[in-house]
>>> print(open('final36.csv').read())   # CSV, C-alpha atoms and all ligand atoms
chain,number,residue,atom,x,y,z
A,1,MET,CA,26.5,32.5,74.9
A,2,THR,CA,30.0,31.8,73.7
A,3,ARG,CA,30.3,31.2,70.0
A,4,THR,CA,33.4,29.8,68.5
A,5,LYS,CA,34.7,30.4,65.1
A,6,HIS,CA,33.4,27.8,62.7
A,7,ASN,CA,35.8,25.4,61.0
A,8,ALA,CA,35.3,25.0,57.2
A,9,LYS,CA,32.9,22.1,57.6
A,10,GLU,CA,30.7,23.8,60.2
A,11,LEU,CA,30.7,27.0,58.2
A,12,ALA,CA,29.5,25.2,55.1
A,13,LYS,CA,26.8,23.5,57.0
A,14,VAL,CA,25.5,26.7,58.6
A,15,LEU,CA,25.6,28.5,55.3
A,16,SER,CA,23.7,25.8,53.5
A,17,PHE,CA,21.1,25.9,56.2
A,18,ALA,CA,20.9,29.7,55.8
A,19,ARG,CA,20.1,29.3,52.1
A,20,PHE,CA,16.6,28.0,53.2
A,21,LEU,CA,15.7,30.9,55.4
A,22,ILE,CA,13.7,33.9,54.3
A,23,TRP,CA,14.3,37.6,55.0
A,24,CYS,CA,12.6,40.9,55.3
A,25,VAL,CA,14.8,43.9,54.3
A,26,LEU,CA,14.1,46.8,56.6
A,27,HIS,CA,17.1,49.0,56.1
A,28,LEU,CA,17.9,49.7,52.4
A,29,HIS,CA,18.3,53.1,50.7
A,30,ILE,CA,17.1,52.6,47.2
A,31,GLU,CA,19.6,55.2,46.0
A,32,GLY,CA,22.3,53.1,47.6
A,33,THR,CA,21.6,50.3,45.2
A,34,LEU,CA,22.9,52.3,42.2
A,35,ASP,CA,25.6,49.9,41.0
A,36,ALA,CA,28.6,50.8,39.0
A,37,GLU,CA,27.2,49.4,35.7
A,38,LEU,CA,23.9,51.4,36.0
A,39,LEU,CA,25.8,54.5,37.1
A,40,LEU,CA,27.9,54.4,33.9
A,41,GLN,CA,24.9,53.6,31.8
A,42,LEU,CA,22.9,56.6,33.1
A,43,ALA,CA,25.9,58.9,33.1
A,44,LYS,CA,26.1,58.2,29.4
A,45,LYS,CA,22.4,58.7,28.9
A,46,TYR,CA,22.6,62.2,30.4
A,47,LYS,CA,26.1,63.0,29.2
A,48,VAL,CA,27.2,63.5,32.8
A,49,LYS,CA,31.0,63.5,33.1
A,50,LEU,CA,32.3,61.1,35.7
A,51,LYS,CA,35.8,60.9,37.2
A,52,TRP,CA,35.7,57.2,36.4
A,53,LYS,CA,35.5,55.3,33.1
A,54,THR,CA,35.1,51.7,34.2
A,55,VAL,CA,33.3,49.6,36.7
A,56,ALA,CA,36.6,48.6,38.3
A,57,GLN,CA,37.6,52.3,38.7
A,58,ILE,CA,34.2,53.1,40.4
A,59,ARG,CA,34.5,50.1,42.7
A,60,ALA,CA,38.0,51.1,43.6
A,61,ALA,CA,36.9,54.6,44.4
A,62,TYR,CA,34.3,53.4,46.9
A,63,GLN,CA,36.6,53.6,50.0
A,64,PHE,CA,35.3,55.7,52.8
A,65,SER,CA,36.6,56.7,56.2
A,66,SER,CA,33.4,58.3,57.5
A,67,LEU,CA,29.6,58.6,56.9
A,68,ASP,CA,30.0,62.1,55.5
A,69,GLU,CA,32.7,61.0,53.0
A,70,PHE,CA,30.4,58.2,51.8
A,71,LEU,CA,27.4,60.6,51.6
A,72,ALA,CA,29.3,63.0,49.3
A,73,LEU,CA,29.7,60.3,46.7
A,74,TYR,CA,26.2,58.8,47.3
A,75,TYR,CA,24.6,62.2,46.6
A,76,GLN,CA,26.8,62.7,43.5
A,77,GLY,CA,25.6,59.3,42.2
A,78,CYS,CA,22.0,60.4,42.7
A,79,ASN,CA,22.5,63.1,40.0
A,80,VAL,CA,22.1,60.5,37.3
A,81,LEU,CA,18.6,59.4,38.6
A,82,ARG,CA,16.3,61.7,36.7
A,83,ASP,CA,13.3,60.2,34.9
A,84,TYR,CA,10.6,57.6,35.5
A,85,ASP,CA,12.7,54.9,33.7
A,86,ASP,CA,15.7,55.5,35.9
A,87,PHE,CA,13.8,55.0,39.2
A,88,TYR,CA,11.8,52.1,37.8
A,89,THR,CA,15.0,50.3,36.6
A,90,LEU,CA,16.9,51.0,39.8
A,91,THR,CA,14.1,49.6,41.9
A,92,LEU,CA,13.3,46.5,39.9
A,93,ARG,CA,17.0,45.8,39.5
A,94,TYR,CA,17.4,45.7,43.3
A,95,LEU,CA,14.2,43.8,44.0
A,96,THR,CA,15.2,41.2,41.4
A,97,ARG,CA,18.5,40.7,43.1
A,98,ALA,CA,17.0,40.6,46.5
A,99,ALA,CA,14.5,37.9,45.4
A,100,ARG,CA,17.4,35.6,44.5
A,101,ALA,CA,18.6,35.9,48.1
A,102,ASN,CA,15.2,34.7,49.5
A,103,VAL,CA,14.1,38.2,50.5
A,104,ARG,CA,10.3,38.1,50.6
A,105,HIS,CA,9.5,41.6,51.9
A,106,VAL,CA,11.3,44.9,51.4
A,107,GLU,CA,10.9,48.2,53.1
A,108,MET,CA,12.7,50.7,50.9
A,109,PHE,CA,14.0,54.1,52.1
A,110,VAL,CA,14.0,56.9,49.6
A,111,ASP,CA,15.4,60.4,50.1
A,112,PRO,CA,12.8,62.9,48.6
A,113,GLN,CA,14.9,66.0,49.1
A,114,THR,CA,17.8,64.6,47.2
A,115,HIS,CA,15.6,64.6,44.2
A,116,THR,CA,13.2,67.5,44.7
A,117,ASN,CA,16.3,69.8,45.3
A,118,ARG,CA,17.3,69.1,41.7
A,119,GLY,CA,13.8,69.8,40.4
A,120,ILE,CA,12.7,66.2,40.1
A,121,GLU,CA,9.1,65.6,40.9
A,122,LEU,CA,8.5,63.5,44.0
A,123,ALA,CA,5.2,62.0,42.7
A,124,MET,CA,7.0,60.7,39.6
A,125,VAL,CA,9.8,59.0,41.8
A,126,ILE,CA,7.2,57.3,44.0
A,127,GLU,CA,5.1,56.2,41.0
A,128,ALA,CA,8.1,54.7,39.3
A,129,MET,CA,9.1,52.8,42.5
A,130,ALA,CA,5.5,51.7,43.0
A,131,ASP,CA,5.3,50.3,39.5
A,132,ALA,CA,8.6,48.4,39.9
A,133,ALA,CA,7.3,47.1,43.2
A,134,LEU,CA,4.1,45.9,41.6
A,135,GLU,CA,6.2,44.0,39.0
A,136,ALA,CA,8.3,42.4,41.7
A,137,GLN,CA,5.1,41.3,43.5
A,138,ARG,CA,3.9,39.8,40.2
A,139,GLN,CA,7.2,38.1,39.4
A,140,PHE,CA,8.4,37.0,42.8
A,141,GLY,CA,5.4,37.3,45.2
A,142,MET,CA,7.5,39.7,47.1
A,143,THR,CA,5.8,42.5,49.1
A,144,THR,CA,7.2,46.0,49.5
A,145,LEU,CA,6.6,49.2,51.5
A,146,LEU,CA,8.1,52.7,51.1
A,147,ILE,CA,9.7,54.8,53.8
A,148,PRO,CA,10.6,58.3,52.7
A,149,CYS,CA,13.3,59.8,54.8
A,150,LEU,CA,14.1,63.4,55.8
A,151,LEU,CA,17.7,64.6,55.4
A,152,ARG,CA,18.7,65.7,58.8
A,153,ASP,CA,21.4,68.0,57.5
A,154,HIS,CA,19.0,70.0,55.4
A,155,PRO,CA,16.9,73.0,56.5
A,156,ILE,CA,14.2,72.2,59.0
A,157,GLU,CA,11.6,74.0,56.8
A,158,SER,CA,12.5,71.9,53.7
A,159,GLY,CA,11.9,68.9,55.9
A,160,MET,CA,8.4,70.1,56.8
A,161,ASP,CA,7.6,70.8,53.2
A,162,THR,CA,8.7,67.3,52.4
A,163,VAL,CA,6.4,65.8,55.0
A,164,GLU,CA,3.5,67.7,53.6
A,165,SER,CA,4.3,66.6,50.0
A,166,ILE,CA,4.5,63.0,51.2
A,167,LEU,CA,1.2,63.2,53.0
A,168,ASP,CA,-0.4,64.9,49.9
A,169,ILE,CA,0.8,62.2,47.5
A,170,ARG,CA,-0.4,59.5,49.9
A,171,GLN,CA,-3.8,61.2,50.1
A,172,ARG,CA,-4.2,61.8,46.4
A,173,ASP,CA,-3.6,58.2,45.2
A,174,LYS,CA,-5.2,55.3,47.1
A,175,ARG,CA,-2.5,53.0,45.8
A,176,PHE,CA,-0.1,54.9,48.1
A,177,LYS,CA,-2.2,55.1,51.2
A,178,ASN,CA,-0.9,52.0,52.9
A,179,TRP,CA,2.2,51.5,50.8
A,180,ILE,CA,3.9,54.7,52.0
A,181,VAL,CA,4.0,53.2,55.5
A,182,ALA,CA,6.4,55.3,57.6
A,183,LEU,CA,8.6,58.4,57.8
A,184,GLY,CA,12.4,58.0,58.3
A,185,LEU,CA,15.4,60.2,59.2
A,186,ASP,CA,18.8,59.8,57.6
A,187,SER,CA,22.0,61.5,56.3
A,188,SER,CA,24.8,63.1,58.3
A,189,GLU,CA,24.2,62.3,62.0
A,190,ALA,CA,26.8,64.2,64.0
A,191,ASN,CA,25.4,67.5,65.3
A,192,TYR,CA,22.0,66.8,64.0
A,193,PRO,CA,20.1,65.3,66.9
A,194,PRO,CA,16.7,63.7,66.4
A,195,LYS,CA,14.9,66.3,68.5
A,196,LEU,CA,15.3,68.8,65.7
A,197,PHE,CA,12.6,66.8,63.9
A,198,LYS,CA,10.0,66.6,66.7
A,199,ARG,CA,7.4,68.6,64.7
A,200,HIS,CA,7.9,66.6,61.5
A,201,PHE,CA,7.5,63.3,63.2
A,202,GLN,CA,4.5,64.4,65.2
A,203,ARG,CA,2.8,65.6,62.0
A,204,ALA,CA,3.6,62.3,60.3
A,205,LYS,CA,2.3,60.2,63.2
A,206,GLU,CA,-1.0,62.2,63.4
A,207,ALA,CA,-1.5,61.5,59.7
A,208,GLY,CA,-1.1,57.8,60.3
A,209,LEU,CA,2.5,57.1,59.4
A,210,LEU,CA,4.8,54.8,61.4
A,211,LEU,CA,8.1,56.2,62.4
A,212,THR,CA,11.8,55.1,62.2
A,213,ALA,CA,15.1,57.0,62.5
A,214,HIS,CA,18.8,56.5,62.0
A,215,ALA,CA,20.3,57.0,65.4
A,216,GLY,CA,23.5,55.8,67.1
A,217,GLU,CA,25.3,55.0,63.8
A,218,GLU,CA,27.9,57.7,64.5
A,219,GLY,CA,25.9,59.7,67.1
A,220,PRO,CA,25.9,59.0,70.8
A,221,PRO,CA,23.4,56.8,72.8
A,222,ALA,CA,21.6,60.1,73.7
A,223,TYR,CA,20.5,60.3,70.1
A,224,ILE,CA,19.0,56.9,70.4
A,225,ARG,CA,17.1,57.9,73.5
A,226,GLN,CA,15.9,61.1,71.7
A,227,ALA,CA,14.6,59.1,68.7
A,228,MET,CA,12.6,57.0,71.2
A,229,LYS,CA,11.4,59.6,73.6
A,230,VAL,CA,11.1,62.8,71.5
A,231,LEU,CA,10.2,61.4,68.1
A,232,GLY,CA,8.4,58.3,69.4
A,233,VAL,CA,9.9,55.9,66.8
A,234,ASN,CA,8.5,52.4,66.2
A,235,ARG,CA,11.9,51.2,65.0
A,236,LEU,CA,15.6,52.2,65.2
A,237,ASP,CA,18.0,52.2,62.3
A,238,HIS,CA,21.6,51.2,63.2
A,239,ALA,CA,21.5,52.0,66.9
A,240,LYS,CA,25.0,50.4,67.0
A,241,ARG,CA,26.1,52.7,69.9
A,242,CYS,CA,23.3,51.5,72.3
A,243,LEU,CA,25.9,49.0,73.6
A,244,GLU,CA,27.7,51.8,75.3
A,245,ASP,CA,24.8,52.4,77.7
A,246,ARG,CA,23.6,49.5,79.9
A,247,LYS,CA,20.3,51.1,80.9
A,248,LEU,CA,19.5,51.8,77.3
A,249,VAL,CA,20.2,48.2,76.3
A,250,ALA,CA,17.9,47.1,79.2
A,251,GLU,CA,15.1,49.3,77.9
A,252,LEU,CA,15.5,48.1,74.3
A,253,ARG,CA,15.3,44.6,75.5
A,254,ARG,CA,12.2,45.3,77.7
A,255,THR,CA,10.4,47.1,74.9
A,256,GLN,CA,11.7,44.7,72.1
A,257,MET,CA,12.2,47.8,70.0
A,258,PRO,CA,13.2,46.5,66.5
A,259,ILE,CA,16.8,47.5,65.6
A,260,THR,CA,18.0,47.3,62.0
A,261,ASN,CA,21.7,46.5,62.3
A,262,CYS,CA,24.0,47.2,59.3
A,263,PRO,CA,27.4,45.6,60.4
A,264,TRP,CA,29.0,45.6,57.0
A,265,SER,CA,28.0,49.3,56.4
A,266,SER,CA,29.6,50.3,59.7
A,267,LEU,CA,32.8,48.5,58.8
A,268,ARG,CA,32.9,50.3,55.4
A,269,LEU,CA,32.3,53.7,57.0
A,270,GLY,CA,34.9,53.3,59.6
A,271,VAL,CA,32.4,53.2,62.5
A,272,VAL,CA,34.2,50.0,63.5
A,273,ASN,CA,37.8,49.0,62.5
A,274,LYS,CA,37.0,45.4,62.1
A,275,LEU,CA,33.7,43.5,61.7
A,276,ALA,CA,34.1,41.7,65.1
A,277,ASP,CA,34.0,45.1,66.8
A,278,TYR,CA,30.4,45.6,65.7
A,279,ARG,CA,29.5,43.0,68.3
A,280,LEU,CA,26.4,41.6,66.6
A,281,ASP,CA,26.7,38.6,68.9
A,282,THR,CA,26.2,40.9,71.9
A,283,PHE,CA,23.0,42.3,70.3
A,284,LEU,CA,21.7,38.7,70.1
A,285,ASP,CA,22.9,37.7,73.5
A,286,GLU,CA,21.2,40.7,75.1
A,287,GLY,CA,17.9,39.5,73.6
A,288,LEU,CA,17.4,42.6,71.4
A,289,CYS,CA,15.0,42.5,68.4
A,290,SER,CA,18.0,42.8,66.1
A,291,SER,CA,18.1,42.0,62.3
A,292,ILE,CA,20.9,42.4,59.7
A,293,HIS,CA,20.7,44.7,56.7
A,294,THR,CA,22.9,46.1,53.9
A,295,ASP,CA,22.1,49.9,54.0
A,296,ASP,CA,23.7,50.9,50.6
A,297,PRO,CA,24.8,47.6,49.1
A,298,ALA,CA,26.2,48.9,45.8
A,299,TYR,CA,28.5,51.3,47.6
A,300,PHE,CA,29.6,49.0,50.3
A,301,GLY,CA,30.1,46.0,48.1
A,302,ALA,CA,27.9,43.5,49.9
A,303,TYR,CA,24.3,42.6,49.2
A,304,GLU,CA,22.1,40.4,51.5
A,305,TRP,CA,23.9,37.1,51.1
A,306,GLN,CA,27.5,38.5,51.3
A,307,THR,CA,26.5,40.4,54.5
A,308,LEU,CA,25.1,37.3,56.1
A,309,GLU,CA,28.1,35.2,55.1
A,310,ALA,CA,30.5,37.7,56.6
A,311,CYS,CA,28.5,37.8,59.8
A,312,VAL,CA,28.3,34.0,60.1
A,313,GLU,CA,32.1,33.8,59.7
A,314,THR,CA,33.1,36.7,62.0
A,315,PHE,CA,30.6,36.1,64.8
A,316,GLY,CA,30.3,32.3,64.6
A,317,LEU,CA,26.6,32.7,64.2
A,318,THR,CA,24.7,29.4,64.8
A,319,MET,CA,21.6,28.1,63.0
A,320,ASP,CA,19.5,29.2,65.9
A,321,ASP,CA,21.0,32.7,65.6
A,322,LEU,CA,20.2,32.8,61.9
A,323,PHE,CA,16.6,31.7,62.5
A,324,GLN,CA,16.2,34.3,65.2
A,325,LEU,CA,17.5,37.0,62.9
A,326,SER,CA,15.1,35.9,60.2
A,327,ILE,CA,12.2,36.0,62.7
A,328,ASN,CA,13.3,39.4,64.1
A,329,SER,CA,13.3,40.8,60.5
A,330,ILE,CA,9.6,39.7,60.2
A,331,VAL,CA,8.6,40.9,63.7
A,332,GLY,CA,10.3,44.2,63.2
A,333,SER,CA,8.8,44.9,59.8
A,334,PHE,CA,5.9,47.3,59.2
A,335,ALA,CA,4.0,44.6,57.2
A,336,SER,CA,0.3,44.0,58.0
A,337,LYS,CA,-0.5,41.4,60.6
A,338,ALA,CA,-1.8,39.0,57.9
A,339,ARG,CA,1.4,39.4,55.9
A,340,LYS,CA,3.6,38.8,59.0
A,341,ILE,CA,1.7,35.5,59.6
A,342,GLU,CA,2.4,34.4,56.0
A,343,LEU,CA,6.1,35.4,56.4
A,344,LYS,CA,6.4,33.5,59.7
A,345,ALA,CA,4.9,30.4,58.1
A,346,GLU,CA,7.4,30.7,55.3
A,347,ALA,CA,10.2,31.2,57.7
A,348,TYR,CA,9.3,28.1,59.8
A,349,ALA,CA,8.8,26.0,56.6
A,350,GLY,CA,12.2,27.2,55.2
A,351,ALA,CA,14.0,26.4,58.4
A,352,ALA,CA,12.4,22.9,58.5
A,353,ARG,CA,13.6,22.2,54.9
A,354,GLY,CA,17.0,23.6,55.8
A,355,PHE,CA,17.3,21.1,58.8
A,356,GLN,CA,16.3,18.3,56.5
A,357,HIS,CA,18.8,19.3,53.9
A,358,ILE,CA,21.8,19.4,56.3
A,359,GLN,CA,20.9,16.0,57.7
A,360,LEU,CA,21.4,14.5,54.3
B,401,LIG,N1,23.4,56.7,57.1
B,401,LIG,C1,22.7,57.9,57.0
B,401,LIG,N2,22.2,58.3,55.9
B,401,LIG,C2,22.3,57.5,54.8
B,401,LIG,C3,22.9,56.3,54.9
B,401,LIG,C4,23.5,55.9,56.1
B,401,LIG,O1,24.2,54.8,56.2
B,401,LIG,N3,22.9,55.8,53.6
B,401,LIG,C5,22.2,56.6,52.9
B,401,LIG,N4,21.8,57.7,53.6
B,402,ZN,ZN,20.9,53.8,56.4
>>> encode(input="final36.csv", output="structure tokens")
Amino acid sequence: MTRTKHNAKELAKVLSFARFLIWCVLHLHIEGTLDAELLLQLAKKYKVKLKWKTVAQIRAAYQFSSLDEFLALYYQGCNVLRDYDDFYTLTLRYLTRAARANVRHVEMFVDPQTHTNRGIELAMVIEAMADAALEAQRQFGMTTLLIPCLLRDHPIESGMDTVESILDIRQRDKRFKNWIVALGLDSSEANYPPKLFKRHFQRAKEAGLLLTAHAGEEGPPAYIRQAMKVLGVNRLDHAKRCLEDRKLVAELRRTQMPITNCPWSSLRLGVVNKLADYRLDTFLDEGLCSSIHTDDPAYFGAYEWQTLEACVETFGLTMDDLFQLSINSIVGSFASKARKIELKAEAYAGAARGFQHIQL
């Protein structure tokens, strides 16, 4: 399908329709929601010396030319996340913001090793996030799930210990049994192929967790295949580079493997030089189960709405495209069947109201 760039009037119409749609967030690192204000506040609390003194200085410093360059700053930021209150505040702050963008369901990534390596107790981190999630459910009727991720550039054995800790926490407290829904894989991708984590993913699957992995963000299409064939993932994160491999695209279409695209993140990490090069329109035209996400919104300077707006402008997304992306975010989620039905009903009702609104 050929899409043309919207003129100002069309753009306003599509965006006002978009305001009525609902979204599931499937690719969001909770540590990547640490905004400049909270970073300064927590640095003060712990007397951590930062290179920056103001919000403006921090924002100006967030310029990256690669995933690794970003990760160095991201892990540094994590150092101010220490006690229950920090993780509770971080989580509720993000969920509150997301609720304002019509997000109705959030699946949050957390990086356990980033915290346990500093002597922070994983059970405390998870408890704080769960309590914040409960508050978000109470206030906004929003549902959440948790996806702990293994850091692929950390020792294999540390990854295995992490899987066991996650399973143990999940077993010990029945609140977490279904809430910790999946295992993920993230951090530096180049030279860390998914197959290194075959045992970890097998163990998690046997224990009843679903599986997802970052693949094809910077890594080649072969890493996407490995995530599917060797790890047996239920979803793919990024998978941007699948477009380089026709056969892979055909398989992703046939299987309707959910893909969590993060176009703005890829722009900010230099994976693409301009947003148009991300080719989100191709993902849609190929009939892939693609949805749009923010990755690390505080670091990349775009939350849900800004990301959507940029994509509508750049790719000339239509109202049909937006509705499809909204539905894909529901279909690709790890929510229960019953919750997916509720979300779909909300999506259709929202779209109907949106159409009525733009007719006025
Ligand atoms: N890629 C890999 N690991 C990450 C990312 C990302 O974009 N953000 C936080 N950890
Ligand atoms: Zn990510």
>>> residues_near_ligand(input="final36.csv", ligand="ligand LIG 401 (chain B)", cutoff="9 Å", atoms="only C-alpha atoms and all ligand atoms", output="VMD selection string")
chain A and resid 28 to 32 67 to 68 70 to 71 74 to 75 109 to 111 149 151 to 152 185 to 189 214 to 215 217 to 218 237 to 238 262 265 to 266 269 295 to 296
>>> atom_distance(input="final36.csv", atom1="CA of Gln256 (chain A)", atom2="CA of Pro194 (chain A)")
20.5 Å
>>> closest_residue(input="final36.csv", among="A:Ser65, A:Thr314, A:Leu26, A:Trp179", to="ligand ZN 402 (chain B)", atoms="all atoms listed in the file")
A:Leu26
>>> atom_distance(input="final36.csv", atom1="CA of Trp305 (chain A)", atom2="CA of Val103 (chain A)")
9.9 Å
>>> closest_atom_pairs(input="final36.csv", of="region 112-181 of chain A", to="region 326-343 of chain A", cutoff="9 Å", atoms="all atoms listed in the file", output="JSON lines")
{"residue": "A:Thr143", "atom": "CA", "partner": "A:Ala335", "partner_atom": "CA", "distance": 8.6}
{"residue": "A:Thr144", "atom": "CA", "partner": "A:Ala335", "partner_atom": "CA", "distance": 8.5}
{"residue": "A:Leu145", "atom": "CA", "partner": "A:Ala335", "partner_atom": "CA", "distance": 7.8}
{"residue": "A:Val181", "atom": "CA", "partner": "A:Phe334", "partner_atom": "CA", "distance": 7.2}
>>> residues_around(input="final36.csv", residues="Phe355 (chain A)", least_positions_apart="2", cutoff="12 Å", atoms="all atoms listed in the file", output="VMD selection string")
chain A and resid 13 to 21 319 to 320 323 348 to 353 357 to 360
>>> closest_residue(input="final36.csv", among="A:Thr116, A:Thr162, A:Thr89, A:Thr307", to="Ala136 (chain A)", atoms="only C-alpha atoms")
A:Thr89
>>> atom_distance(input="final36.csv", atom1="CA of Gln306 (chain A)", atom2="CA of Leu40 (chain A)")
23.6 Å
>>> closest_residue(input="final36.csv", among="A:Gly287, A:Gly119, A:Gly216, A:Gly316", to="ligand ZN 402 (chain B)", atoms="all atoms listed in the file")
A:Gly216
>>> closest_residue(input="final36.csv", among="A:Val48, A:Leu183, A:Ala239, A:Leu248", to="Tyr278 (chain A)", atoms="all atoms listed in the file")
A:Ala239
>>> residues_near_point(input="final36.csv", point="(16.6, 60.5, 37.5)", cutoff="10 Å", atoms="all atoms listed in the file", output="count of residues only")
20
>>> residues_around(input="final36.csv", residues="Asp277 (chain A)", least_positions_apart="3", cutoff="12 Å", atoms="all atoms listed in the file", output="PDB file with C-alpha atoms, in the frame of the given file")
ATOM      1  CA  LYS A 240      25.000  50.400  67.000  1.00  0.00           C
ATOM      2  CA  ARG A 241      26.100  52.700  69.900  1.00  0.00           C
ATOM      3  CA  LEU A 243      25.900  49.000  73.600  1.00  0.00           C
ATOM      4  CA  PRO A 263      27.400  45.600  60.400  1.00  0.00           C
ATOM      5  CA  TRP A 264      29.000  45.600  57.000  1.00  0.00           C
ATOM      6  CA  SER A 266      29.600  50.300  59.700  1.00  0.00           C
ATOM      7  CA  LEU A 267      32.800  48.500  58.800  1.00  0.00           C
ATOM      8  CA  GLY A 270      34.900  53.300  59.600  1.00  0.00           C
ATOM      9  CA  VAL A 271      32.400  53.200  62.500  1.00  0.00           C
ATOM     10  CA  VAL A 272      34.200  50.000  63.500  1.00  0.00           C
ATOM     11  CA  ASN A 273      37.800  49.000  62.500  1.00  0.00           C
ATOM     12  CA  LYS A 274      37.000  45.400  62.100  1.00  0.00           C
ATOM     13  CA  LEU A 280      26.400  41.600  66.600  1.00  0.00           C
ATOM     14  CA  ASP A 281      26.700  38.600  68.900  1.00  0.00           C
ATOM     15  CA  THR A 282      26.200  40.900  71.900  1.00  0.00           C
ATOM     16  CA  PHE A 283      23.000  42.300  70.300  1.00  0.00           C
ATOM     17  CA  CYS A 311      28.500  37.800  59.800  1.00  0.00           C
ATOM     18  CA  THR A 314      33.100  36.700  62.000  1.00  0.00           C
ATOM     19  CA  PHE A 315      30.600  36.100  64.800  1.00  0.00           C
TER      20      PHE A 315
END
>>> closest_residue(input="final36.csv", among="A:Gln41, A:Thr260, A:Thr318, A:Asn178", to="ligand ZN 402 (chain B)", atoms="only C-alpha atoms and all ligand atoms")
A:Thr260
>>> closest_residue(input="final36.csv", among="A:Leu252, A:Met108, A:Ala190, A:Leu275", to="ligand ZN 402 (chain B)", atoms="only C-alpha atoms and all ligand atoms")
A:Met108
>>> residues_around(input="final36.csv", residues="Phe176 (chain A)", least_positions_apart="2", cutoff="10 Å", atoms="only C-alpha atoms", output="short mmCIF file (atom, residue, chain, number, x, y, z; two decimals) with C-alpha atoms, in the frame of the given file")
data_model
loop_
_atom_site.label_atom_id
_atom_site.label_comp_id
_atom_site.auth_asym_id
_atom_site.auth_seq_id
_atom_site.Cartn_x
_atom_site.Cartn_y
_atom_site.Cartn_z
CA ILE A 126 7.20 57.30 44.00
CA GLU A 127 5.10 56.20 41.00
CA ALA A 130 5.50 51.70 43.00
CA LEU A 145 6.60 49.20 51.50
CA LEU A 146 8.10 52.70 51.10
CA ILE A 166 4.50 63.00 51.20
CA LEU A 167 1.20 63.20 53.00
CA ILE A 169 0.80 62.20 47.50
CA ARG A 170 -0.40 59.50 49.90
CA GLN A 171 -3.80 61.20 50.10
CA ARG A 172 -4.20 61.80 46.40
CA ASP A 173 -3.60 58.20 45.20
CA LYS A 174 -5.20 55.30 47.10
CA ASN A 178 -0.90 52.00 52.90
CA TRP A 179 2.20 51.50 50.80
CA ILE A 180 3.90 54.70 52.00
CA VAL A 181 4.00 53.20 55.50
#
>>> residues_near_point(input="final36.csv", point="(8.9, 65.2, 54.7)", cutoff="9 Å", atoms="all atoms listed in the file", output="ChimeraX atom specification")
/A:112-113,148-151,158-167,183-184,200-201,204
>>> build_atoms(input="final36.csv", residues="region 151-164 of chain A", atoms="N, CA and C atoms", output="PDB file, keeping the file's coordinate frame")
ATOM      1  N   LEU A 151      16.252  64.364  55.250  1.00  0.00           N
ATOM      2  CA  LEU A 151      17.700  64.600  55.400  1.00  0.00           C
ATOM      3  C   LEU A 151      17.935  65.482  56.553  1.00  0.00           C
ATOM      4  N   ARG A 152      18.576  64.953  57.592  1.00  0.00           N
ATOM      5  CA  ARG A 152      18.700  65.700  58.800  1.00  0.00           C
ATOM      6  C   ARG A 152      19.630  66.916  58.720  1.00  0.00           C
ATOM      7  N   ASP A 153      20.508  66.921  57.697  1.00  0.00           N
ATOM      8  CA  ASP A 153      21.400  68.000  57.500  1.00  0.00           C
ATOM      9  C   ASP A 153      20.894  69.075  56.536  1.00  0.00           C
ATOM     10  N   HIS A 154      19.598  68.980  56.221  1.00  0.00           N
ATOM     11  CA  HIS A 154      19.000  70.000  55.400  1.00  0.00           C
ATOM     12  C   HIS A 154      18.074  70.876  56.205  1.00  0.00           C
ATOM     13  N   PRO A 155      17.719  72.060  55.671  1.00  0.00           N
ATOM     14  CA  PRO A 155      16.900  73.000  56.500  1.00  0.00           C
ATOM     15  C   PRO A 155      15.653  72.375  57.038  1.00  0.00           C
ATOM     16  N   ILE A 156      15.357  72.735  58.270  1.00  0.00           N
ATOM     17  CA  ILE A 156      14.200  72.200  59.000  1.00  0.00           C
ATOM     18  C   ILE A 156      12.909  72.461  58.149  1.00  0.00           C
ATOM     19  N   GLU A 157      12.810  73.637  57.544  1.00  0.00           N
ATOM     20  CA  GLU A 157      11.600  74.000  56.800  1.00  0.00           C
ATOM     21  C   GLU A 157      11.444  73.097  55.552  1.00  0.00           C
ATOM     22  N   SER A 158      12.581  72.793  54.915  1.00  0.00           N
ATOM     23  CA  SER A 158      12.500  71.900  53.700  1.00  0.00           C
ATOM     24  C   SER A 158      12.026  70.528  54.171  1.00  0.00           C
ATOM     25  N   GLY A 159      12.381  70.119  55.394  1.00  0.00           N
ATOM     26  CA  GLY A 159      11.900  68.900  55.900  1.00  0.00           C
ATOM     27  C   GLY A 159      10.377  68.889  56.119  1.00  0.00           C
ATOM     28  N   MET A 160       9.884  70.010  56.607  1.00  0.00           N
ATOM     29  CA  MET A 160       8.400  70.100  56.800  1.00  0.00           C
ATOM     30  C   MET A 160       7.686  70.116  55.513  1.00  0.00           C
ATOM     31  N   ASP A 161       8.221  70.837  54.517  1.00  0.00           N
ATOM     32  CA  ASP A 161       7.600  70.800  53.200  1.00  0.00           C
ATOM     33  C   ASP A 161       7.565  69.399  52.628  1.00  0.00           C
ATOM     34  N   THR A 162       8.639  68.665  52.896  1.00  0.00           N
ATOM     35  CA  THR A 162       8.700  67.300  52.400  1.00  0.00           C
ATOM     36  C   THR A 162       7.662  66.411  53.045  1.00  0.00           C
ATOM     37  N   VAL A 163       7.482  66.568  54.346  1.00  0.00           N
ATOM     38  CA  VAL A 163       6.400  65.800  55.000  1.00  0.00           C
ATOM     39  C   VAL A 163       5.089  66.087  54.399  1.00  0.00           C
ATOM     40  N   GLU A 164       4.811  67.368  54.159  1.00  0.00           N
ATOM     41  CA  GLU A 164       3.500  67.700  53.600  1.00  0.00           C
ATOM     42  C   GLU A 164       3.352  67.139  52.178  1.00  0.00           C
TER      43      GLU A 164
END
